Amino acid sequence: MTAQVDRLARTATFPVRRPRRLRDLPSLRRMVRETALEISDFIYPAFVCHGRGLREEIPSMPGVYHLSIDTLVEEAAAAAEEGIPAMLLFGLPSHKDEVGSEAYDDEGIIQQAVRAVKAAVPSLIIITDLCLCEYTSHGHCGVVRNGKVDNDATLPLLARTALSQARAGADVIAPSDMMDGRVGVIRQALDEHGFAEIPIMAYSAKYASAFYGPFREAAESAPRFGDRRGYQMDPANAREALDEIALDIAEGADIVMVKPALAYLDVIRRARDAFTCPIAAYNVSGEYSMIKAAARNGWLDERSIALEVLTAIKRAGADLIISYFARDVARWLREG
Ligand code: PBG
């Protein structure tokens with residue numbers, strides 16, 4: 001029966017088939033729409049810094065701010081009120097050193113921020129980005145030895161950071177450093193210290209991308225020498241992304257991520273087809289800034305472009321979308 005119907009569908013053609021029939025009425029178009037964004041798909045990233053009463057716009061990311069803990073709490077409450085289920089937090093430490101000490105300091109910026117937000121807005125899921133690059137003086141994502149990022153020397157520091165974030169009350173830990181073996185080490189550390197229930201969202205297929213430019217300004221995390229190509233993935237590779245994802249799942253990742261999103265829709269699709277776990281896609285800073293810049297020049301319509309791009313990311317197979325547009329999306333979806 002199905003095969004017969006299929007054959008008919010494939011052989012029937014104009015004037016029997018008229019795809020436009022389903023496009024004419026707006027309500028019918030909505031009924032047959034294959035992909036619909038929901039606010040529950042979104043994770044809203046934010047940058048938190050020391051101080052009080054701060055809300056400083058990041059020049060290359062209009063609408064995104066450096067927030068002190070008090071203003072972060074206000075932002076979190078507003079986001080939760082709008083139906084955004086989760087935030088992803090990045091910290092700007094008061095000091096940087098060779099080994100990124102503030103990342104695993106129980107009184108570090110992220111730890112204080114998590115405690116404050118969880119106390120004020122308990123229903124909001126708090127995901128902590130786990131990486132050393134914002135905290136190291138050299139700006140790399142791990143310990144530098146002989147001019148290189150030393151993978152295995154970095155792992156214990158990542159595990160320590162994860163534990164410190166978990167003790168502060170983080171709901172989900174999100175390692176973004178791209179060291180080999182980090183997911184396993186973090187999983188083990190969490191399990192051994194009573195945090196077996198905390199999920200890991202791994203930045204699994206994270207590319208060495210120029211799209212992170214504005215973020216590095218925002219997080220003050222640009223490497224002082226060299227680049228990240230020795231640990232982040234080559235943008236030319238897609239099969240390798242499946243390998244990275246498989247390794248992270250084997251090590252205990254609960255959610256895997258493809259990052260950036262827009263130039264990597266094929267990777268999102270291949271990951272969706274190959275794995276069953278939830279897939280997150282990070283609509284990164286450069287993707288956000290390009291739209292903002294073009295919209296400011298009157299060259300593109302911000303709302304239409306952003307919704308088109310985010311819908312494409314979901315259509316490609318992302319279950320979760322990390323986006324600086326999250327609060328705008330909440331408003332746009334409300335407005336209908
Ligand atoms: C930290 C980290 C980066 C981003 C998220 N976590 C930057 C980088 O790897 O240099 C980028 C996010 C964005 O561009 O929005 N390792």
# chains A, B, ... in the order shown; residues from 1 in each chain; ligands from 1
>>> residues_near_ligand(ligand="ligand 1", cutoff="10 Å", atoms="only C-alpha atoms and all ligand atoms", output="ChimeraX atom specification")
/A:45-46,61,88-90,129-134,139-142,174-178,203,206-223,227-228,231-232,259-260,282-289,322-324
>>> write_last_selection(atoms="C-alpha atoms", output="short mmCIF file (atom, residue, chain, number, x, y, z; two decimals), in the first residue's frame")
data_model
loop_
_atom_site.label_atom_id
_atom_site.label_comp_id
_atom_site.auth_asym_id
_atom_site.auth_seq_id
_atom_site.Cartn_x
_atom_site.Cartn_y
_atom_site.Cartn_z
CA PRO A 45 24.58 32.37 26.81
CA ALA A 46 25.81 35.16 29.09
CA MET A 61 27.93 41.97 19.85
CA LEU A 88 25.10 28.92 29.52
CA LEU A 89 27.50 30.95 31.65
CA PHE A 90 30.97 32.25 30.81
CA ASP A 129 31.05 26.39 30.15
CA LEU A 130 34.15 24.54 31.25
CA CYS A 131 37.35 25.86 29.72
CA LEU A 132 40.53 27.49 30.90
CA CYS A 133 40.99 30.01 28.08
CA GLU A 134 39.19 32.87 29.84
CA GLY A 139 44.64 32.56 26.50
CA HIS A 140 44.92 28.87 25.58
CA CYS A 141 42.40 26.25 26.70
CA GLY A 142 44.93 24.23 28.70
CA ALA A 174 29.79 21.84 29.34
CA PRO A 175 33.46 21.23 28.54
CA SER A 176 34.58 23.34 25.56
CA ASP A 177 38.34 22.87 25.71
CA MET A 178 38.71 20.04 23.14
CA TYR A 203 31.43 20.56 22.87
CA LYS A 206 34.19 22.14 17.96
CA TYR A 207 35.96 23.66 15.01
CA ALA A 208 38.93 26.06 14.97
CA SER A 209 36.68 28.78 13.61
CA ALA A 210 37.08 32.46 12.81
CA PHE A 211 33.43 32.82 13.81
CA TYR A 212 34.52 33.00 17.48
CA GLY A 213 36.15 36.42 16.95
CA PRO A 214 33.56 38.55 18.77
CA PHE A 215 33.33 36.03 21.64
CA ARG A 216 37.05 36.28 22.22
CA GLU A 217 36.68 40.03 22.54
CA ALA A 218 33.73 39.49 24.91
CA ALA A 219 35.48 36.85 27.01
CA GLU A 220 38.95 38.36 26.67
CA SER A 221 40.10 34.90 25.71
CA ALA A 222 42.06 35.27 22.48
CA PRO A 223 45.27 33.23 22.55
CA ASP A 227 46.04 29.64 17.49
CA ARG A 228 43.76 26.80 18.57
CA TYR A 231 43.23 21.17 19.58
CA GLN A 232 40.10 22.42 17.86
CA LYS A 259 29.96 24.36 16.93
CA PRO A 260 29.70 26.73 15.06
CA TYR A 282 26.02 26.66 18.98
CA ASN A 283 24.95 29.65 16.90
CA VAL A 284 28.19 31.42 17.76
CA SER A 285 29.20 35.03 18.25
CA GLY A 286 30.34 35.68 14.68
CA GLU A 287 27.07 34.32 13.30
CA TYR A 288 25.23 36.70 15.61
CA SER A 289 27.44 39.70 14.84
CA ILE A 322 22.61 27.94 21.95
CA SER A 323 22.03 31.47 20.72
CA TYR A 324 22.55 35.08 21.73
#
>>> residues_around(residues="Cys277 of chain A", least_positions_apart="3", cutoff="10 Å", atoms="only C-alpha atoms", output="number ranges by chain")
A: 249, 253-256, 271-272, 274, 280, 319
>>> write_last_selection(atoms="C-alpha atoms", output="short mmCIF file (atom, residue, chain, number, x, y, z; two decimals), in the first residue's frame")
data_model
loop_
_atom_site.label_atom_id
_atom_site.label_comp_id
_atom_site.auth_asym_id
_atom_site.auth_seq_id
_atom_site.Cartn_x
_atom_site.Cartn_y
_atom_site.Cartn_z
CA ILE A 249 29.49 9.57 23.99
CA ALA A 253 28.62 12.71 27.30
CA ASP A 254 24.83 13.05 27.62
CA ILE A 255 24.42 15.82 25.05
CA VAL A 256 26.88 16.45 22.22
CA ALA A 271 25.50 13.69 13.60
CA ARG A 272 21.70 13.59 13.88
CA ALA A 274 24.40 8.77 13.18
CA ALA A 280 23.10 20.88 20.55
CA ASP A 319 17.55 19.52 19.31
#
>>> select_by_dssp(residues="segment 63-311 of chain A", states="helix (DSSP H, G or I)", output="PyMOL selection string")
chain A and resi 69-81+101-104+109-120+151-168+182-192+210-219+239-251+262-274+285-296+302-311
>>> closest_residue(among="A:Pro15, A:Ala189, A:Arg270, A:Ala281", to="Met257 of chain A", atoms="only C-alpha atoms")
A:Ala281
>>> atom_distance(atom1="atom CA of Thr311 of chain A", atom2="atom CA of Met87 of chain A")
19.8 Å
>>> atom_distance(atom1="atom CA of Val185 of chain A", atom2="atom CA of Ala166 of chain A")
14.4 Å
>>> residues_around(residues="Gly53 of chain A", least_positions_apart="3", cutoff="9 Å", atoms="only C-alpha atoms", output="list in words")
Leu67, Ser68, Ile69, Asp70 and Thr71 of chain A
>>> write_last_selection(atoms="N, CA and C atoms", output="mmCIF file, in the first residue's frame")
data_model
loop_
_atom_site.group_PDB
_atom_site.id
_atom_site.type_symbol
_atom_site.label_atom_id
_atom_site.label_comp_id
_atom_site.auth_asym_id
_atom_site.auth_seq_id
_atom_site.Cartn_x
_atom_site.Cartn_y
_atom_site.Cartn_z
ATOM 1 N N LEU A 67 27.880 41.291 32.311
ATOM 2 C CA LEU A 67 26.969 41.503 33.427
ATOM 3 C C LEU A 67 27.683 41.171 34.735
ATOM 4 N N SER A 68 27.476 42.004 35.733
ATOM 5 C CA SER A 68 27.942 41.608 37.065
ATOM 6 C C SER A 68 26.884 40.663 37.636
ATOM 7 N N ILE A 69 27.171 40.066 38.768
ATOM 8 C CA ILE A 69 26.274 39.010 39.244
ATOM 9 C C ILE A 69 24.848 39.528 39.492
ATOM 10 N N ASP A 70 24.738 40.730 40.045
ATOM 11 C CA ASP A 70 23.394 41.261 40.318
ATOM 12 C C ASP A 70 22.584 41.483 39.034
ATOM 13 N N THR A 71 23.231 42.006 37.996
ATOM 14 C CA THR A 71 22.481 42.229 36.750
ATOM 15 C C THR A 71 22.275 40.907 35.982
#
>>> atom_distance(atom1="atom CA of Asn151 of chain A", atom2="atom CA of Lys96 of chain A")
19.7 Å
>>> select_by_dssp(residues="segment 144-192 of chain A", states="strand (DSSP E)", output="VMD selection string")
chain A and resid 144 to 145 148 to 150 172 to 175
>>> residues_around(residues="Val32 of chain A", least_positions_apart="5", cutoff="10 Å", atoms="only C-alpha atoms", output="list of chain:residue names")
A:Leu22, A:Arg23, A:Ser27
>>> residues_around(residues="segment 113-118 of chain A", least_positions_apart="4", cutoff="10 Å", atoms="only C-alpha atoms", output="CSV table (one decimal) with C-alpha atoms, in the first residue's frame")
chain,number,residue,atom,x,y,z
A,48,VAL,CA,29.5,37.4,33.9
A,49,CYS,CA,32.2,39.6,35.5
A,50,HIS,CA,33.2,40.8,38.9
A,68,SER,CA,27.9,41.6,37.1
A,69,ILE,CA,26.3,39.0,39.2
A,70,ASP,CA,23.4,41.3,40.3
A,72,LEU,CA,23.0,38.6,35.6
A,73,VAL,CA,20.4,37.6,38.1
A,74,GLU,CA,18.0,40.1,36.7
A,75,GLU,CA,18.7,38.9,33.1
A,76,ALA,CA,18.2,35.3,34.3
A,77,ALA,CA,14.9,36.1,35.9
A,89,LEU,CA,27.5,30.9,31.6
A,90,PHE,CA,31.0,32.2,30.8
A,91,GLY,CA,33.1,34.0,33.4
A,107,GLU,CA,35.0,31.7,45.1
A,108,GLY,CA,35.6,32.3,41.4
A,109,ILE,CA,33.3,34.4,39.2
A,122,PRO,CA,15.9,27.9,40.8
A,123,SER,CA,13.8,26.7,37.8
A,124,LEU,CA,16.3,28.0,35.3
A,125,ILE,CA,18.8,25.3,34.2
A,126,ILE,CA,22.4,26.6,34.6
A,127,ILE,CA,25.0,25.2,32.3
A,128,THR,CA,28.6,26.1,33.0
A,165,GLN,CA,31.2,24.2,39.3
A,166,ALA,CA,29.1,21.2,40.5
A,167,ARG,CA,29.6,22.2,44.1
A,168,ALA,CA,28.4,25.7,43.2
A,169,GLY,CA,25.2,24.2,41.9
A,170,ALA,CA,25.6,23.9,38.2
A,171,ASP,CA,22.9,21.7,36.6
>>> residues_around(residues="Val143 of chain A", least_positions_apart="4", cutoff="10 Å", atoms="only C-alpha atoms", output="list in words")
Glu98, Val99, Gly100, Leu132, Cys133, Thr136, His138, Gly139, Gly147, Lys148, Val149, Asp150, Asn151, Asp152, Ala153, Thr154, Leu155 and Leu157 of chain A
>>> residues_around(residues="Tyr135 of chain A", least_positions_apart="6", cutoff="7 Å", atoms="only C-alpha atoms", output="PyMOL selection string")
chain A and resi 93+96-97+100-103
>>> decode(residues="segment 17-35 of chain A", atoms="N, CA and C atoms", output="mmCIF file, in the first residue's frame")
data_model
loop_
_atom_site.group_PDB
_atom_site.id
_atom_site.type_symbol
_atom_site.label_atom_id
_atom_site.label_comp_id
_atom_site.auth_asym_id
_atom_site.auth_seq_id
_atom_site.Cartn_x
_atom_site.Cartn_y
_atom_site.Cartn_z
ATOM 1 N N ARG A 17 -0.114 17.125 -9.707
ATOM 2 C CA ARG A 17 0.659 17.645 -8.568
ATOM 3 C C ARG A 17 0.849 19.139 -8.705
ATOM 4 N N ARG A 18 0.423 19.847 -7.672
ATOM 5 C CA ARG A 18 0.633 21.294 -7.624
ATOM 6 C C ARG A 18 1.073 21.649 -6.204
ATOM 7 N N PRO A 19 2.386 21.606 -5.950
ATOM 8 C CA PRO A 19 2.877 21.887 -4.594
ATOM 9 C C PRO A 19 2.391 23.225 -4.034
ATOM 10 N N ARG A 20 2.073 24.152 -4.892
ATOM 11 C CA ARG A 20 1.637 25.463 -4.406
ATOM 12 C C ARG A 20 0.307 25.407 -3.654
ATOM 13 N N ARG A 21 -0.492 24.308 -3.875
ATOM 14 C CA ARG A 21 -1.785 24.212 -3.181
ATOM 15 C C ARG A 21 -1.651 24.375 -1.676
ATOM 16 N N LEU A 22 -0.543 23.840 -1.143
ATOM 17 C CA LEU A 22 -0.376 23.871 0.318
ATOM 18 C C LEU A 22 0.331 25.136 0.795
ATOM 19 N N ARG A 23 0.612 26.026 -0.140
ATOM 20 C CA ARG A 23 1.357 27.230 0.248
ATOM 21 C C ARG A 23 0.504 28.474 0.274
ATOM 22 N N ASP A 24 -0.699 28.371 -0.235
ATOM 23 C CA ASP A 24 -1.488 29.576 -0.455
ATOM 24 C C ASP A 24 -2.028 30.169 0.843
ATOM 25 N N LEU A 25 -2.658 29.324 1.669
ATOM 26 C CA LEU A 25 -3.278 29.832 2.892
ATOM 27 C C LEU A 25 -2.280 29.810 4.047
ATOM 28 N N PRO A 26 -2.129 30.944 4.706
ATOM 29 C CA PRO A 26 -1.154 30.980 5.817
ATOM 30 C C PRO A 26 -1.414 29.897 6.862
ATOM 31 N N SER A 27 -2.664 29.630 7.184
ATOM 32 C CA SER A 27 -2.939 28.639 8.231
ATOM 33 C C SER A 27 -2.586 27.228 7.753
ATOM 34 N N LEU A 28 -2.809 26.971 6.468
ATOM 35 C CA LEU A 28 -2.460 25.665 5.915
ATOM 36 C C LEU A 28 -0.934 25.501 5.854
ATOM 37 N N ARG A 29 -0.267 26.597 5.504
ATOM 38 C CA ARG A 29 1.201 26.576 5.496
ATOM 39 C C ARG A 29 1.739 26.206 6.874
ATOM 40 N N ARG A 30 1.084 26.794 7.886
ATOM 41 C CA ARG A 30 1.540 26.517 9.250
ATOM 42 C C ARG A 30 1.302 25.045 9.612
ATOM 43 N N MET A 31 0.170 24.515 9.145
ATOM 44 C CA MET A 31 -0.156 23.112 9.462
ATOM 45 C C MET A 31 0.839 22.121 8.875
ATOM 46 N N VAL A 32 1.358 22.424 7.693
ATOM 47 C CA VAL A 32 2.252 21.456 7.046
ATOM 48 C C VAL A 32 3.733 21.783 7.258
ATOM 49 N N ARG A 33 3.984 22.778 8.091
ATOM 50 C CA ARG A 33 5.380 23.165 8.365
ATOM 51 C C ARG A 33 6.094 22.016 9.074
ATOM 52 N N GLU A 34 7.277 21.688 8.579
ATOM 53 C CA GLU A 34 8.013 20.534 9.116
ATOM 54 C C GLU A 34 8.833 20.864 10.357
ATOM 55 N N THR A 35 9.243 22.111 10.452
ATOM 56 C CA THR A 35 10.141 22.502 11.544
ATOM 57 C C THR A 35 9.605 23.760 12.196
#
